[in-house]
Every structure is written in C-alpha cells, then in structure tokens.
>>> print(open('run26.pdb').read())   # PDB, C-alpha atoms, pLDDT in the B column
ATOM      1  CA  ASP T 267     187.293  25.636   8.793  1.00 58.00           C
ATOM      2  CA  ALA T 268     183.928  27.291   8.268  1.00 67.00           C
ATOM      3  CA  GLY T 269     182.896  29.184  11.398  1.00 92.00           C
ATOM      4  CA  ILE T 270     180.059  26.912  12.485  1.00 96.00           C
ATOM      5  CA  THR T 271     179.474  25.883  16.073  1.00 97.00           C
ATOM      6  CA  GLN T 272     176.870  23.359  17.132  1.00 98.00           C
ATOM      7  CA  SER T 273     175.660  22.878  20.680  1.00 97.00           C
ATOM      8  CA  PRO T 274     175.301  20.651  22.487  1.00 98.00           C
ATOM      9  CA  ARG T 275     177.679  18.240  20.801  1.00 97.00           C
ATOM     10  CA  HIS T 276     176.336  15.259  22.711  1.00 97.00           C
ATOM     11  CA  LYS T 277     173.030  14.839  24.502  1.00 98.00           C
ATOM     12  CA  VAL T 278     171.044  12.006  26.025  1.00 98.00           C
ATOM     13  CA  THR T 279     167.409  12.757  26.691  1.00 97.00           C
ATOM     14  CA  GLU T 280     164.245  10.909  27.607  1.00 97.00           C
ATOM     15  CA  THR T 281     161.317  10.186  25.330  1.00 97.00           C
ATOM     16  CA  GLY T 282     158.739  12.937  25.428  1.00 97.00           C
ATOM     17  CA  THR T 283     161.063  15.737  26.506  1.00 97.00           C
ATOM     18  CA  PRO T 284     161.707  18.813  24.358  1.00 96.00           C
ATOM     19  CA  VAL T 285     165.187  19.278  22.928  1.00 98.00           C
ATOM     20  CA  THR T 286     166.751  22.260  21.191  1.00 98.00           C
ATOM     21  CA  LEU T 287     169.938  22.106  19.147  1.00 98.00           C
ATOM     22  CA  ARG T 288     171.712  25.332  18.309  1.00 98.00           C
ATOM     23  CA  CYS T 289     173.764  26.227  15.277  1.00 98.00           C
ATOM     24  CA  HIS T 290     175.833  29.399  15.374  1.00 98.00           C
ATOM     25  CA  GLN T 291     177.804  30.761  12.399  1.00 97.00           C
ATOM     26  CA  THR T 292     180.298  33.597  12.143  1.00 95.00           C
ATOM     27  CA  GLU T 293     180.360  33.747   8.315  1.00 92.00           C
ATOM     28  CA  ASN T 294     177.260  35.932   7.858  1.00 92.00           C
ATOM     29  CA  HIS T 295     175.942  33.365   5.365  1.00 92.00           C
ATOM     30  CA  ARG T 296     172.350  33.642   4.232  1.00 91.00           C
ATOM     31  CA  TYR T 297     171.473  29.950   3.977  1.00 91.00           C
ATOM     32  CA  MET T 298     171.465  27.557   6.919  1.00 93.00           C
ATOM     33  CA  TYR T 299     170.412  23.909   6.990  1.00 94.00           C
ATOM     34  CA  TRP T 300     169.724  21.112   9.436  1.00 97.00           C
ATOM     35  CA  TYR T 301     170.445  17.549   8.311  1.00 96.00           C
ATOM     36  CA  ARG T 302     170.243  14.251  10.121  1.00 97.00           C
ATOM     37  CA  GLN T 303     172.452  11.296   9.281  1.00 96.00           C
ATOM     38  CA  ASP T 304     171.445   7.698   9.926  1.00 94.00           C
ATOM     39  CA  PRO T 305     172.941   4.371   8.839  1.00 88.00           C
ATOM     40  CA  GLY T 306     171.354   3.195   5.618  1.00 85.00           C
ATOM     41  CA  HIS T 307     169.783   6.576   4.897  1.00 87.00           C
ATOM     42  CA  GLY T 308     172.651   8.963   4.498  1.00 87.00           C
ATOM     43  CA  LEU T 309     172.180  12.685   5.022  1.00 93.00           C
ATOM     44  CA  ARG T 310     168.586  13.915   4.893  1.00 93.00           C
ATOM     45  CA  LEU T 311     167.420  17.515   5.042  1.00 92.00           C
ATOM     46  CA  ILE T 312     165.140  18.408   7.951  1.00 96.00           C
ATOM     47  CA  HIS T 313     164.624  22.162   7.528  1.00 95.00           C
ATOM     48  CA  TYR T 314     166.486  25.024   5.973  1.00 93.00           C
ATOM     49  CA  SER T 315     166.508  28.800   6.161  1.00 93.00           C
ATOM     50  CA  TYR T 316     167.110  31.356   3.414  1.00 90.00           C
ATOM     51  CA  GLY T 317     167.100  34.400   5.676  1.00 91.00           C
ATOM     52  CA  VAL T 318     166.030  35.736   9.054  1.00 93.00           C
ATOM     53  CA  LYS T 319     162.558  34.394   9.816  1.00 93.00           C
ATOM     54  CA  ASP T 320     162.479  32.623   6.415  1.00 93.00           C
ATOM     55  CA  THR T 321     162.419  28.854   6.744  1.00 94.00           C
ATOM     56  CA  ASP T 322     161.117  25.881   4.803  1.00 92.00           C
ATOM     57  CA  LYS T 323     160.669  22.164   5.260  1.00 92.00           C
ATOM     58  CA  GLY T 324     162.968  19.501   3.963  1.00 90.00           C
ATOM     59  CA  GLU T 325     162.535  15.814   3.324  1.00 88.00           C
ATOM     60  CA  VAL T 326     162.097  14.672   6.963  1.00 95.00           C
ATOM     61  CA  SER T 327     160.541  17.623   8.796  1.00 96.00           C
ATOM     62  CA  ASP T 328     157.839  15.822  10.810  1.00 96.00           C
ATOM     63  CA  GLY T 329     158.446  16.175  14.546  1.00 96.00           C
ATOM     64  CA  TYR T 330     160.865  19.088  14.115  1.00 98.00           C
ATOM     65  CA  SER T 331     160.536  22.853  14.132  1.00 97.00           C
ATOM     66  CA  VAL T 332     163.099  25.567  13.499  1.00 98.00           C
ATOM     67  CA  SER T 333     163.583  29.231  14.171  1.00 97.00           C
ATOM     68  CA  ARG T 334     165.967  31.862  12.900  1.00 97.00           C
ATOM     69  CA  SER T 335     165.688  35.204  14.659  1.00 96.00           C
ATOM     70  CA  LYS T 336     169.244  36.320  13.815  1.00 96.00           C
ATOM     71  CA  THR T 337     171.456  35.698  10.799  1.00 95.00           C
ATOM     72  CA  GLU T 338     173.984  33.827  12.898  1.00 96.00           C
ATOM     73  CA  ASP T 339     171.701  31.438  14.780  1.00 97.00           C
ATOM     74  CA  PHE T 340     169.507  28.591  13.550  1.00 98.00           C
ATOM     75  CA  LEU T 341     167.700  26.521  16.165  1.00 98.00           C
ATOM     76  CA  LEU T 342     166.279  23.032  15.697  1.00 98.00           C
ATOM     77  CA  THR T 343     163.633  21.927  18.205  1.00 98.00           C
ATOM     78  CA  LEU T 344     162.247  18.496  18.840  1.00 97.00           C
ATOM     79  CA  GLU T 345     158.985  19.300  20.607  1.00 93.00           C
ATOM     80  CA  SER T 346     158.608  15.826  22.121  1.00 96.00           C
ATOM     81  CA  ALA T 347     161.599  13.606  21.431  1.00 97.00           C
ATOM     82  CA  THR T 348     161.065  10.034  20.260  1.00 97.00           C
ATOM     83  CA  SER T 349     163.515   7.155  19.941  1.00 97.00           C
ATOM     84  CA  SER T 350     163.324   7.436  16.133  1.00 97.00           C
ATOM     85  CA  GLN T 351     164.960  10.848  16.469  1.00 98.00           C
ATOM     86  CA  THR T 352     168.125   9.325  17.853  1.00 98.00           C
ATOM     87  CA  SER T 353     170.620  10.446  15.243  1.00 97.00           C
ATOM     88  CA  VAL T 354     173.547  12.653  14.383  1.00 97.00           C
ATOM     89  CA  TYR T 355     172.423  16.160  13.473  1.00 98.00           C
ATOM     90  CA  PHE T 356     174.512  18.380  11.216  1.00 97.00           C
ATOM     91  CA  CYS T 357     174.085  22.078  10.666  1.00 97.00           C
ATOM     92  CA  ALA T 358     175.328  23.471   7.352  1.00 94.00           C
ATOM     93  CA  ILE T 359     175.700  26.922   5.832  1.00 93.00           C
ATOM     94  CA  SER T 360     175.966  28.421   2.366  1.00 88.00           C
ATOM     95  CA  GLY T 361     176.654  31.949   1.247  1.00 81.00           C
ATOM     96  CA  THR T 362     174.509  31.809  -1.845  1.00 75.00           C
ATOM     97  CA  GLY T 363     171.824  29.469  -3.038  1.00 69.00           C
ATOM     98  CA  GLY T 364     173.049  26.525  -5.060  1.00 69.00           C
ATOM     99  CA  ASN T 365     176.613  26.943  -3.899  1.00 77.00           C
ATOM    100  CA  THR T 366     178.869  24.744  -1.778  1.00 85.00           C
ATOM    101  CA  ILE T 367     177.545  24.082   1.712  1.00 88.00           C
ATOM    102  CA  TYR T 368     179.840  23.669   4.706  1.00 92.00           C
ATOM    103  CA  PHE T 369     179.029  21.478   7.664  1.00 95.00           C
ATOM    104  CA  GLY T 370     179.340  21.891  11.398  1.00 96.00           C
ATOM    105  CA  GLU T 371     180.894  19.189  13.550  1.00 95.00           C
ATOM    106  CA  GLY T 372     177.608  17.478  14.375  1.00 97.00           C
ATOM    107  CA  SER T 373     175.436  16.912  17.435  1.00 98.00           C
ATOM    108  CA  TRP T 374     174.936  13.361  18.660  1.00 97.00           C
ATOM    109  CA  LEU T 375     171.459  12.957  20.152  1.00 98.00           C
ATOM    110  CA  THR T 376     170.270   9.819  21.926  1.00 98.00           C
ATOM    111  CA  VAL T 377     166.625   9.511  22.969  1.00 97.00           C
ATOM    112  CA  VAL T 378     166.045   6.792  25.576  1.00 96.00           C
TER     113      VAL T 378
ATOM    114  CA  GLU F 551     161.279  12.433  -6.366  1.00 78.00           C
ATOM    115  CA  ASP F 552     164.957  13.273  -6.736  1.00 83.00           C
ATOM    116  CA  LYS F 553     167.293  10.331  -6.448  1.00 91.00           C
ATOM    117  CA  VAL F 554     171.064  10.018  -6.048  1.00 95.00           C
ATOM    118  CA  VAL F 555     172.584   6.526  -6.116  1.00 96.00           C
ATOM    119  CA  GLN F 556     176.176   5.751  -5.250  1.00 97.00           C
ATOM    120  CA  SER F 557     178.054   2.570  -5.966  1.00 97.00           C
ATOM    121  CA  PRO F 558     179.631   0.552  -4.616  1.00 97.00           C
ATOM    122  CA  LEU F 559     178.319   1.005  -1.069  1.00 95.00           C
ATOM    123  CA  SER F 560     181.629  -0.193   0.322  1.00 96.00           C
ATOM    124  CA  LEU F 561     185.048  -0.970  -1.041  1.00 96.00           C
ATOM    125  CA  VAL F 562     188.260  -2.369   0.415  1.00 98.00           C
ATOM    126  CA  VAL F 563     191.534  -1.762  -1.419  1.00 98.00           C
ATOM    127  CA  HIS F 564     195.258  -1.936  -0.714  1.00 98.00           C
ATOM    128  CA  GLU F 565     197.484   1.099  -0.467  1.00 98.00           C
ATOM    129  CA  GLY F 566     198.647   2.181  -3.887  1.00 98.00           C
ATOM    130  CA  ASP F 567     195.538   0.976  -5.703  1.00 98.00           C
ATOM    131  CA  THR F 568     193.428   3.269  -7.868  1.00 98.00           C
ATOM    132  CA  VAL F 569     189.705   3.421  -7.134  1.00 98.00           C
ATOM    133  CA  THR F 570     186.683   4.762  -8.973  1.00 98.00           C
ATOM    134  CA  LEU F 571     183.538   5.726  -7.104  1.00 98.00           C
ATOM    135  CA  ASN F 572     180.276   6.167  -8.972  1.00 98.00           C
ATOM    136  CA  CYS F 573     177.337   8.509  -8.555  1.00 98.00           C
ATOM    137  CA  SER F 574     174.223   8.457 -10.742  1.00 97.00           C
ATOM    138  CA  TYR F 575     171.280  10.772 -10.372  1.00 95.00           C
ATOM    139  CA  GLU F 576     167.698  11.336 -11.435  1.00 92.00           C
ATOM    140  CA  VAL F 577     166.644  14.872 -10.584  1.00 85.00           C
ATOM    141  CA  THR F 578     164.490  17.575 -12.047  1.00 81.00           C
ATOM    142  CA  ASN F 579     166.316  20.656 -13.279  1.00 82.00           C
ATOM    143  CA  PHE F 580     169.864  19.598 -12.464  1.00 86.00           C
ATOM    144  CA  ARG F 581     172.039  22.471 -11.289  1.00 86.00           C
ATOM    145  CA  SER F 582     175.276  21.003  -9.910  1.00 90.00           C
ATOM    146  CA  LEU F 583     176.846  17.935  -8.306  1.00 94.00           C
ATOM    147  CA  LEU F 584     179.074  17.968  -5.246  1.00 95.00           C
ATOM    148  CA  TRP F 585     181.447  15.424  -3.706  1.00 97.00           C
ATOM    149  CA  TYR F 586     182.276  15.327  -0.002  1.00 97.00           C
ATOM    150  CA  LYS F 587     184.629  13.231   2.139  1.00 97.00           C
ATOM    151  CA  GLN F 588     183.468  12.218   5.603  1.00 96.00           C
ATOM    152  CA  GLU F 589     185.824  10.732   8.138  1.00 94.00           C
ATOM    153  CA  LYS F 590     184.705  10.552  11.727  1.00 83.00           C
ATOM    154  CA  LYS F 591     182.896  13.861  11.883  1.00 87.00           C
ATOM    155  CA  ALA F 592     181.603  16.487   9.471  1.00 93.00           C
ATOM    156  CA  PRO F 593     181.618  16.022   5.689  1.00 95.00           C
ATOM    157  CA  THR F 594     184.317  18.120   4.043  1.00 94.00           C
ATOM    158  CA  PHE F 595     183.915  19.561   0.568  1.00 94.00           C
ATOM    159  CA  LEU F 596     185.933  18.091  -2.322  1.00 96.00           C
ATOM    160  CA  PHE F 597     184.492  19.186  -5.678  1.00 94.00           C
ATOM    161  CA  MET F 598     181.585  20.973  -7.284  1.00 93.00           C
ATOM    162  CA  LEU F 599     180.756  20.065 -10.895  1.00 94.00           C
ATOM    163  CA  THR F 600     178.378  21.905 -13.156  1.00 89.00           C
ATOM    164  CA  SER F 601     179.619  21.300 -16.694  1.00 82.00           C
ATOM    165  CA  SER F 602     179.916  18.022 -18.550  1.00 83.00           C
ATOM    166  CA  GLY F 603     183.312  16.692 -19.495  1.00 84.00           C
ATOM    167  CA  ILE F 604     185.418  19.097 -17.453  1.00 86.00           C
ATOM    168  CA  GLU F 605     187.623  17.285 -14.970  1.00 90.00           C
ATOM    169  CA  LYS F 606     188.223  18.768 -11.572  1.00 94.00           C
ATOM    170  CA  LYS F 607     191.483  17.733  -9.885  1.00 95.00           C
ATOM    171  CA  SER F 608     192.972  18.097  -6.443  1.00 95.00           C
ATOM    172  CA  GLY F 609     196.151  16.140  -5.881  1.00 97.00           C
ATOM    173  CA  ARG F 610     195.390  12.443  -6.258  1.00 98.00           C
ATOM    174  CA  LEU F 611     191.642  13.033  -6.477  1.00 98.00           C
ATOM    175  CA  SER F 612     189.765  13.895  -9.631  1.00 97.00           C
ATOM    176  CA  SER F 613     186.144  13.986 -10.691  1.00 97.00           C
ATOM    177  CA  ILE F 614     184.163  14.361 -13.874  1.00 96.00           C
ATOM    178  CA  LEU F 615     180.519  14.828 -14.729  1.00 95.00           C
ATOM    179  CA  ASP F 616     178.499  13.392 -17.621  1.00 93.00           C
ATOM    180  CA  LYS F 617     175.231  15.312 -17.841  1.00 88.00           C
ATOM    181  CA  LYS F 618     173.999  13.304 -20.806  1.00 90.00           C
ATOM    182  CA  GLU F 619     174.303   9.966 -19.014  1.00 91.00           C
ATOM    183  CA  LEU F 620     173.488  11.511 -15.602  1.00 94.00           C
ATOM    184  CA  PHE F 621     176.476  10.352 -13.607  1.00 95.00           C
ATOM    185  CA  SER F 622     179.740  11.404 -12.078  1.00 97.00           C
ATOM    186  CA  ILE F 623     182.844   9.513 -11.015  1.00 97.00           C
ATOM    187  CA  LEU F 624     185.406  10.249  -8.344  1.00 98.00           C
ATOM    188  CA  ASN F 625     188.861   8.787  -8.940  1.00 98.00           C
ATOM    189  CA  ILE F 626     191.529   8.366  -6.307  1.00 98.00           C
ATOM    190  CA  THR F 627     194.967   7.297  -7.493  1.00 98.00           C
ATOM    191  CA  ALA F 628     197.781   5.826  -5.384  1.00 98.00           C
ATOM    192  CA  THR F 629     195.432   5.402  -2.422  1.00 98.00           C
ATOM    193  CA  GLN F 630     196.712   5.914   1.121  1.00 98.00           C
ATOM    194  CA  THR F 631     195.276   4.812   4.463  1.00 97.00           C
ATOM    195  CA  GLY F 632     194.284   8.439   5.040  1.00 96.00           C
ATOM    196  CA  ASP F 633     191.845   8.142   2.142  1.00 98.00           C
ATOM    197  CA  SER F 634     189.729   5.763   4.236  1.00 98.00           C
ATOM    198  CA  ALA F 635     186.399   7.530   4.641  1.00 97.00           C
ATOM    199  CA  ILE F 636     182.844   7.710   3.418  1.00 97.00           C
ATOM    200  CA  TYR F 637     182.562   9.597   0.136  1.00 98.00           C
ATOM    201  CA  LEU F 638     179.286  11.391  -0.402  1.00 97.00           C
ATOM    202  CA  CYS F 639     177.756  12.578  -3.646  1.00 97.00           C
ATOM    203  CA  ALA F 640     175.043  15.263  -3.612  1.00 94.00           C
ATOM    204  CA  VAL F 641     173.014  17.050  -6.256  1.00 92.00           C
ATOM    205  CA  TYR F 642     171.348  20.437  -6.399  1.00 87.00           C
ATOM    206  CA  SER F 643     168.119  20.400  -8.342  1.00 77.00           C
ATOM    207  CA  GLY F 644     165.038  22.503  -8.956  1.00 64.00           C
ATOM    208  CA  ALA F 645     164.604  26.136  -9.671  1.00 58.00           C
ATOM    209  CA  GLY F 646     164.789  28.369  -6.617  1.00 58.00           C
ATOM    210  CA  SER F 647     165.048  25.447  -4.224  1.00 59.00           C
ATOM    211  CA  TYR F 648     168.547  25.326  -2.816  1.00 67.00           C
ATOM    212  CA  GLN F 649     168.403  21.864  -1.326  1.00 75.00           C
ATOM    213  CA  LEU F 650     171.028  19.195  -1.723  1.00 85.00           C
ATOM    214  CA  THR F 651     169.952  15.592  -2.174  1.00 89.00           C
ATOM    215  CA  PHE F 652     172.601  13.187  -0.926  1.00 93.00           C
ATOM    216  CA  GLY F 653     173.402   9.654  -1.918  1.00 95.00           C
ATOM    217  CA  LYS F 654     174.008   7.097   0.825  1.00 95.00           C
ATOM    218  CA  GLY F 655     177.748   7.221   0.343  1.00 96.00           C
ATOM    219  CA  THR F 656     180.564   4.832  -0.505  1.00 97.00           C
ATOM    220  CA  LYS F 657     182.647   3.584   2.407  1.00 96.00           C
ATOM    221  CA  LEU F 658     186.250   3.238   1.280  1.00 98.00           C
ATOM    222  CA  SER F 659     188.719   1.287   3.391  1.00 98.00           C
ATOM    223  CA  VAL F 660     192.383   1.384   2.407  1.00 98.00           C
ATOM    224  CA  ILE F 661     194.519  -1.272   4.039  1.00 97.00           C
ATOM    225  CA  PRO F 662     198.330  -1.208   4.243  1.00 94.00           C
TER     226      PRO F 662
END
>>> encode(input="run26.pdb", output="structure tokens")
Amino acid sequence: DAGITQSPRHKVTETGTPVTLRCHQTENHRYMYWYRQDPGHGLRLIHYSYGVKDTDKGEVSDGYSVSRSKTEDFLLTLESATSSQTSVYFCAISGTGGNTIYFGEGSWLTVV
Amino acid sequence: EDKVVQSPLSLVVHEGDTVTLNCSYEVTNFRSLLWYKQEKKAPTFLFMLTSSGIEKKSGRLSSILDKKELFSILNITATQTGDSAIYLCAVYSGAGSYQLTFGKGTKLSVIP
C-alpha cells in the first residue's frame, strides 16, 4: 500500500464551520491531489500540488483552499462548510507528473 | 472540456461470465489512460496504457487502447464474486498539466 494517511477519516460538522482535512505521505512524492467523489459525478479534482508551496486549482475548487508547507503534508480547508460539500474526499499522490497516482483511504465528511 | 465516458454504468453477471467494460474519451493532447478498481474504499490501480494496440494483462484482467478511435476496453474473464466493484477509467491530457479526468465508473456485480 502507498504510504498515505488521511485524517480525520470521518467527520460530521455544522454548516458554516471551518474544516481541515489532512493528507500525510511517507513516499516523498512530488505531486499530491485532493479529489471528491459523489454519486453521479465520479471523482473530481479539487486542488493539486506539484511541490512545496506550489498548488493549482482543479475542476471543483470553489469553496476550498489548500496548503503545502512540507513535502509530506497537503491540507484541504473548507473555510465555511456547506451541505453541498458533504462528500468523500480522497487524497492521492504521484512521484512524477503524468504517472500513476495512488489514493489514500478517504475521508467521509458530512455537513449538517 | 475534457470528457471521459464509461459504459455501461452498471452490469450484473454470473460467476464465470466474461465481461467487457468500455471507456471512450475526448481530450486535448492525450497522454495516457488508466484503469482503477474501487471496492468499498480507495481506488486501486490496475493498468496504465499509453500505446495503441498493446494489451496489458494481469491474471484474468486485460486492457487495450485504441488511440485512433479514442477508446479503451477492460476485459475480465471467468468472473468471480470478488470482481464486484466499480471500475474507473481516467485520462491524462494536456501539456504540463498532470491532472487526471475520471469517468463516472462502471459498477460490476458478479452473482454466484
């Protein structure tokens, strides 16, 4: 298994509260990604990072921000959670651009 | 806008059957196509295809890419109940943009 740890794995939060999901990798991979997965939509890219402090937006970035201060950690923040952000969030990593990406176990977030 | 379409969306077969899952794509600057298997948690990597006409095999699973007709198929022979999962197709596209675009997946159910 790729050395990817997501935390928390499950969280219930209230609308309007900030939430941070953490992705930690032990593979020293350069590329890290945050995806969300919803019924009927499949996996959609939120943000990705191609190095420390280097990040870019994906397909569904509105309402989300990210930070990467160390190679091993990639944080996803929902500044003010909404019910539409209830989803399963997957972190993924890749050693080189355009190569196979490996997924973490997922974080289930419910916004009530 | 890049597009990846999988068909069928769901499929029910009996153990021992052979199944073919389809993935078609419309992307700019195609780089590679990946197949993943997702059971209850994280997607796990199956194949990466970059060249037309070269079959990749792993046990009872095989996949091939047709870059002229812009599609790929995933074959599973002698299906088992453990093959029940969602199968995801994803495509890398664009120069310098290492983002995967996923299809919505095919849900395969194998019944005894």
>>> residues_around(input="run26.pdb", residues="Gly603 of chain F", least_positions_apart="2", cutoff="8 Å", atoms="all atoms listed in the file", output="list in words")
Ser601, Glu605, Ile614, Leu615 and Asp616 of chain F
>>> resolve_selection(input="run26.pdb", expression="the ChimeraX specification (/F :<9) & /T", output="list in words")
Tyr297, Tyr299, Pro305, Gly306, His307, Gly308, Leu309, Arg310, Leu311, Tyr314, Tyr316, Gly324, Phe356, Thr362, Gly363, Gly364, Asn365, Thr366, Ile367, Tyr368, Phe369, Gly370, Glu371 and Gly372 of chain T
>>> resolve_selection(input="run26.pdb", expression="the PyMOL selection byres ((chain T and resi 270) around 7)", output="CSV table (one decimal) with C-alpha atoms, in the coordinates of the input")
chain,number,residue,atom,x,y,z
T,268,ALA,CA,183.9,27.3,8.3
T,269,GLY,CA,182.9,29.2,11.4
T,271,THR,CA,179.5,25.9,16.1
T,272,GLN,CA,176.9,23.4,17.1
T,289,CYS,CA,173.8,26.2,15.3
T,290,HIS,CA,175.8,29.4,15.4
T,291,GLN,CA,177.8,30.8,12.4
T,292,THR,CA,180.3,33.6,12.1
T,370,GLY,CA,179.3,21.9,11.4
>>> residues_near_point(input="run26.pdb", point="(168.0, 13.1, 31.4)", cutoff="12 Å", atoms="only C-alpha atoms", output="list in words")
Lys277, Val278, Thr279, Glu280, Thr281, Gly282, Thr283, Pro284, Val285, Ala347, Leu375, Thr376, Val377 and Val378 of chain T
>>> resolve_selection(input="run26.pdb", expression="the PyMOL selection byres ((chain T and resi 333) around 9)", output="list in words")
Ser315, Val318, Lys319, Asp320, Thr321, Ser331, Val332, Arg334, Ser335, Asp339, Phe340, Leu341, Leu342 and Thr343 of chain T
>>> atom_distance(input="run26.pdb", atom1="atom CA of Ser622 of chain F", atom2="atom CA of Tyr575 of chain F")
8.7 Å
>>> residues_around(input="run26.pdb", residues="Thr656 of chain F", least_positions_apart="6", cutoff="7 Å", atoms="only C-alpha atoms", output="list in words")
Gln556, Ser557, Pro558, Leu559, Ser560, Ile636, Tyr637 and Leu638 of chain F
>>> residues_near_point(input="run26.pdb", point="(195.3, 3.8, 6.3)", cutoff="12 Å", atoms="only C-alpha atoms", output="ChimeraX atom specification")
/F:562-566,589,629-635,658-662
>>> build_atoms(input="run26.pdb", residues="segment 613-625 of chain F", atoms="N, CA, C and O atoms", output="short mmCIF file (atom, residue, chain, number, x, y, z; two decimals), keeping the file's coordinate frame")
data_model
loop_
_atom_site.label_atom_id
_atom_site.label_comp_id
_atom_site.auth_asym_id
_atom_site.auth_seq_id
_atom_site.Cartn_x
_atom_site.Cartn_y
_atom_site.Cartn_z
N SER F 613 187.55 14.29 -10.49
CA SER F 613 186.14 13.99 -10.69
C SER F 613 185.69 14.56 -12.01
O SER F 613 186.21 15.59 -12.48
N ILE F 614 184.70 13.91 -12.61
CA ILE F 614 184.16 14.36 -13.87
C ILE F 614 182.67 14.09 -13.90
O ILE F 614 182.18 13.18 -13.23
N LEU F 615 181.97 14.90 -14.66
CA LEU F 615 180.52 14.83 -14.73
C LEU F 615 180.09 14.53 -16.17
O LEU F 615 180.66 15.08 -17.11
N ASP F 616 179.10 13.67 -16.31
CA ASP F 616 178.50 13.39 -17.62
C ASP F 616 177.00 13.70 -17.52
O ASP F 616 176.23 12.90 -17.00
N LYS F 617 176.62 14.87 -17.99
CA LYS F 617 175.23 15.31 -17.84
C LYS F 617 174.30 14.60 -18.80
O LYS F 617 173.09 14.54 -18.57
N LYS F 618 174.84 14.04 -19.87
CA LYS F 618 174.00 13.30 -20.81
C LYS F 618 173.59 11.96 -20.21
O LYS F 618 172.43 11.56 -20.28
N GLU F 619 174.57 11.28 -19.60
CA GLU F 619 174.30 9.97 -19.01
C GLU F 619 173.93 10.07 -17.53
O GLU F 619 173.66 9.06 -16.90
N LEU F 620 173.92 11.25 -16.98
CA LEU F 620 173.49 11.51 -15.60
C LEU F 620 174.33 10.78 -14.56
O LEU F 620 173.81 10.06 -13.69
N PHE F 621 175.63 10.94 -14.64
CA PHE F 621 176.48 10.35 -13.61
C PHE F 621 177.77 11.13 -13.47
O PHE F 621 178.14 11.94 -14.32
N SER F 622 178.43 10.84 -12.36
CA SER F 622 179.74 11.40 -12.08
C SER F 622 180.61 10.30 -11.49
O SER F 622 180.10 9.36 -10.89
N ILE F 623 181.92 10.42 -11.67
CA ILE F 623 182.84 9.51 -11.02
C ILE F 623 183.88 10.31 -10.23
O ILE F 623 184.22 11.45 -10.59
N LEU F 624 184.32 9.70 -9.16
CA LEU F 624 185.41 10.25 -8.34
C LEU F 624 186.54 9.23 -8.38
O LEU F 624 186.34 8.08 -8.01
N ASN F 625 187.69 9.65 -8.88
CA ASN F 625 188.86 8.79 -8.94
C ASN F 625 189.86 9.17 -7.86
O ASN F 625 190.09 10.36 -7.61
#
